[in-house]
Amino acid sequence: MATTSDKGLDLRSKARASARAEIAEVAFRVFAERGFDQVTATEVAEAAGISRASFFRYFESKEDAVFVAQEKMGANVAAALAARPAGEDAWTALRAALDPVLETYQRSPGEALGRLRLIRCTPNLRVHQLERLAKWKALIGAALAARLGLDETDVKVEALVGAALGALDAASSRWAESDGADDLIGLLDEAFAVIAEPFPELGA
């Protein structure tokens with residue numbers, strides 16, 4: 001049974017998460033308007049109506065503020081993978097487990113497109129994204145290894161997770177290039193299909 005102290009901690013945690021999300025929204029708008037490298041943390045803090053010190057109480061860096069919406073994605077994908085039917089093949093399960101990512105993109109497509117474009121044109125953010133993807137791989141790899149009865153470091157686990165995230169990157173990149181006109185779900189399905197059968201018959 002939750003105690004009064006536990007409830008107080010939960011409320012503070014929710015309040016902090018809400019504040020981080022609000023500051024991150026302001027930061028993204030400023031970065032999108034002026035460019036990530038052209039804006040300082042102090043300027044972001046001023047735009048959000050807080051001090052520079054307060055900004056760094058919520059975020060370790062400017063880069064962290066860009067990726068708030070993606071913080072839980074790796075864990076969400078891993079949880080979705082663990083919940084897939086036991087008899088489902090690994091590749092099908094991995095594709096279905098990426099649905100939480102697609103839902104995040106489709107919930108706010110304009111913001112998602114802007115974020116993808118900002119990341120792709122900013123070297124520092126691309127590096128930060130790779131660091132987050134490494135954490136995703138570890139979480140998803142653990143779920144896949146448990147599913148297959150393999151060690152997390154098994155090359156088959158690493159290859160499958162890497163291929164799945166590569167398909168997601170290819171699909172989201174093409175979606176961003178089309179300015180959201182292309183079907184994101186269809187692109188991801190196509191990417192997964194071509195990895196499953198990478199050598200189509202050559203045309204005449």
# chains A, B, ... in the order shown; residues from 1 in each chain; ligands from 1

call {"tool": "residues_around", "arguments": {"residues": "A:Arg95", "least_positions_apart": "5", "cutoff": "9 Å", "atoms": "only C-alpha atoms", "output": "list of chain:residue names"}}
result
A:Leu81, A:Ala90, A:Ala164, A:Leu188, A:Asp189, A:Phe192

call {"tool": "write_last_selection", "arguments": {"atoms": "N, CA, C and O atoms", "output": "CSV table (one decimal), in the first residue's frame"}}
result
chain,number,residue,atom,x,y,z
A,81,LEU,N,8.3,-5.8,-27.2
A,81,LEU,CA,8.9,-7.1,-27.8
A,81,LEU,C,8.6,-8.2,-26.8
A,81,LEU,O,8.3,-9.3,-27.2
A,90,ALA,N,11.1,-14.0,-34.6
A,90,ALA,CA,11.8,-12.8,-34.1
A,90,ALA,C,11.6,-11.6,-34.9
A,90,ALA,O,11.4,-10.5,-34.4
A,164,ALA,N,16.9,-4.2,-37.4
A,164,ALA,CA,15.6,-3.6,-37.1
A,164,ALA,C,15.7,-2.1,-37.0
A,164,ALA,O,14.9,-1.3,-37.5
A,188,LEU,N,8.3,1.5,-43.3
A,188,LEU,CA,8.9,0.6,-42.3
A,188,LEU,C,8.7,-0.8,-42.7
A,188,LEU,O,9.6,-1.7,-42.7
A,189,ASP,N,7.5,-1.1,-43.1
A,189,ASP,CA,7.1,-2.5,-43.6
A,189,ASP,C,8.0,-2.9,-44.8
A,189,ASP,O,8.5,-4.0,-44.9
A,192,PHE,N,11.6,-3.5,-43.7
A,192,PHE,CA,11.7,-4.8,-43.0
A,192,PHE,C,11.6,-6.0,-44.0
A,192,PHE,O,12.4,-7.0,-43.9

call {"tool": "residues_around", "arguments": {"residues": "stretch 105-116 of chain A", "least_positions_apart": "6", "cutoff": "10 Å", "atoms": "only C-alpha atoms", "output": "MDAnalysis selection string"}}
result
chainID A and resid 25 28:29 31:32 66:67 69 99 126 172:173 175:180 184:185

call {"tool": "closest_residue", "arguments": {"among": "A:Ala163, A:Ala47, A:Ala78, A:Ala191", "to": "A:Ala146", "atoms": "only C-alpha atoms"}}
result
A:Ala78

call {"tool": "closest_residue", "arguments": {"among": "A:Leu160, A:Ala19, A:Ala170, A:Met73", "to": "A:Leu94", "atoms": "only C-alpha atoms"}}
result
A:Leu160

call {"tool": "select_by_dssp", "arguments": {"residues": "stretch 40-89 of chain A", "states": "helix (DSSP H, G or I)", "output": "ChimeraX atom specification"}}
result
/A:41-48,52-58,62-66,68-70,73-82

call {"tool": "residues_around", "arguments": {"residues": "A:Ile50", "least_positions_apart": "2", "cutoff": "12 Å", "atoms": "only C-alpha atoms", "output": "short mmCIF file (atom, residue, chain, number, x, y, z; two decimals) with N, CA and C atoms, in the first residue's frame"}}
result
data_model
loop_
_atom_site.label_atom_id
_atom_site.label_comp_id
_atom_site.auth_asym_id
_atom_site.auth_seq_id
_atom_site.Cartn_x
_atom_site.Cartn_y
_atom_site.Cartn_z
N ALA A 19 7.56 19.54 -16.13
CA ALA A 19 8.38 20.73 -16.31
C ALA A 19 9.45 20.49 -17.37
N ARG A 20 10.08 19.31 -17.33
CA ARG A 20 11.11 18.99 -18.33
C ARG A 20 10.52 19.01 -19.74
N GLU A 22 7.90 20.67 -20.80
CA GLU A 22 7.58 22.03 -21.20
C GLU A 22 8.83 22.80 -21.62
N ILE A 23 9.89 22.65 -20.84
CA ILE A 23 11.15 23.34 -21.18
C ILE A 23 11.70 22.79 -22.49
N VAL A 26 10.02 24.37 -25.46
CA VAL A 26 10.54 25.72 -25.71
C VAL A 26 11.91 25.62 -26.39
N ALA A 27 12.76 24.74 -25.86
CA ALA A 27 14.10 24.57 -26.42
C ALA A 27 14.02 24.17 -27.89
N ALA A 41 22.68 27.54 -23.95
CA ALA A 41 21.79 27.04 -22.90
C ALA A 41 21.17 28.21 -22.14
N THR A 42 21.93 29.28 -21.96
CA THR A 42 21.42 30.47 -21.27
C THR A 42 20.24 31.07 -22.02
N GLU A 43 20.35 31.11 -23.35
CA GLU A 43 19.27 31.67 -24.17
C GLU A 43 18.02 30.78 -24.12
N VAL A 44 18.23 29.47 -24.09
CA VAL A 44 17.09 28.56 -23.96
C VAL A 44 16.41 28.79 -22.61
N ALA A 45 17.21 28.91 -21.56
CA ALA A 45 16.67 29.13 -20.22
C ALA A 45 15.86 30.43 -20.17
N GLU A 46 16.39 31.49 -20.78
CA GLU A 46 15.68 32.76 -20.80
C GLU A 46 14.35 32.64 -21.54
N ALA A 47 14.35 31.91 -22.66
CA ALA A 47 13.12 31.72 -23.43
C ALA A 47 12.07 30.94 -22.64
N ALA A 48 12.57 30.03 -21.78
CA ALA A 48 11.66 29.22 -20.96
C ALA A 48 11.29 29.90 -19.64
N ARG A 52 19.72 29.78 -15.93
CA ARG A 52 20.62 28.81 -16.53
C ARG A 52 20.87 27.63 -15.59
N ALA A 53 21.01 27.93 -14.30
CA ALA A 53 21.23 26.88 -13.31
C ALA A 53 20.04 25.93 -13.26
N SER A 54 18.83 26.49 -13.36
CA SER A 54 17.63 25.66 -13.34
C SER A 54 17.59 24.75 -14.56
N PHE A 55 17.99 25.30 -15.71
CA PHE A 55 18.01 24.49 -16.94
C PHE A 55 18.87 23.25 -16.73
N PHE A 56 20.04 23.44 -16.12
CA PHE A 56 20.95 22.31 -15.93
C PHE A 56 20.56 21.42 -14.75
N ARG A 57 19.57 21.82 -14.00
CA ARG A 57 19.01 20.90 -13.01
C ARG A 57 18.06 19.90 -13.69
N TYR A 58 17.52 20.31 -14.84
CA TYR A 58 16.61 19.44 -15.58
C TYR A 58 17.31 18.65 -16.68
#

call {"tool": "closest_residue", "arguments": {"among": "A:Glu152, A:Asp183, A:Asp169, A:Asp37", "to": "A:Leu98", "atoms": "only C-alpha atoms"}}
result
A:Asp169
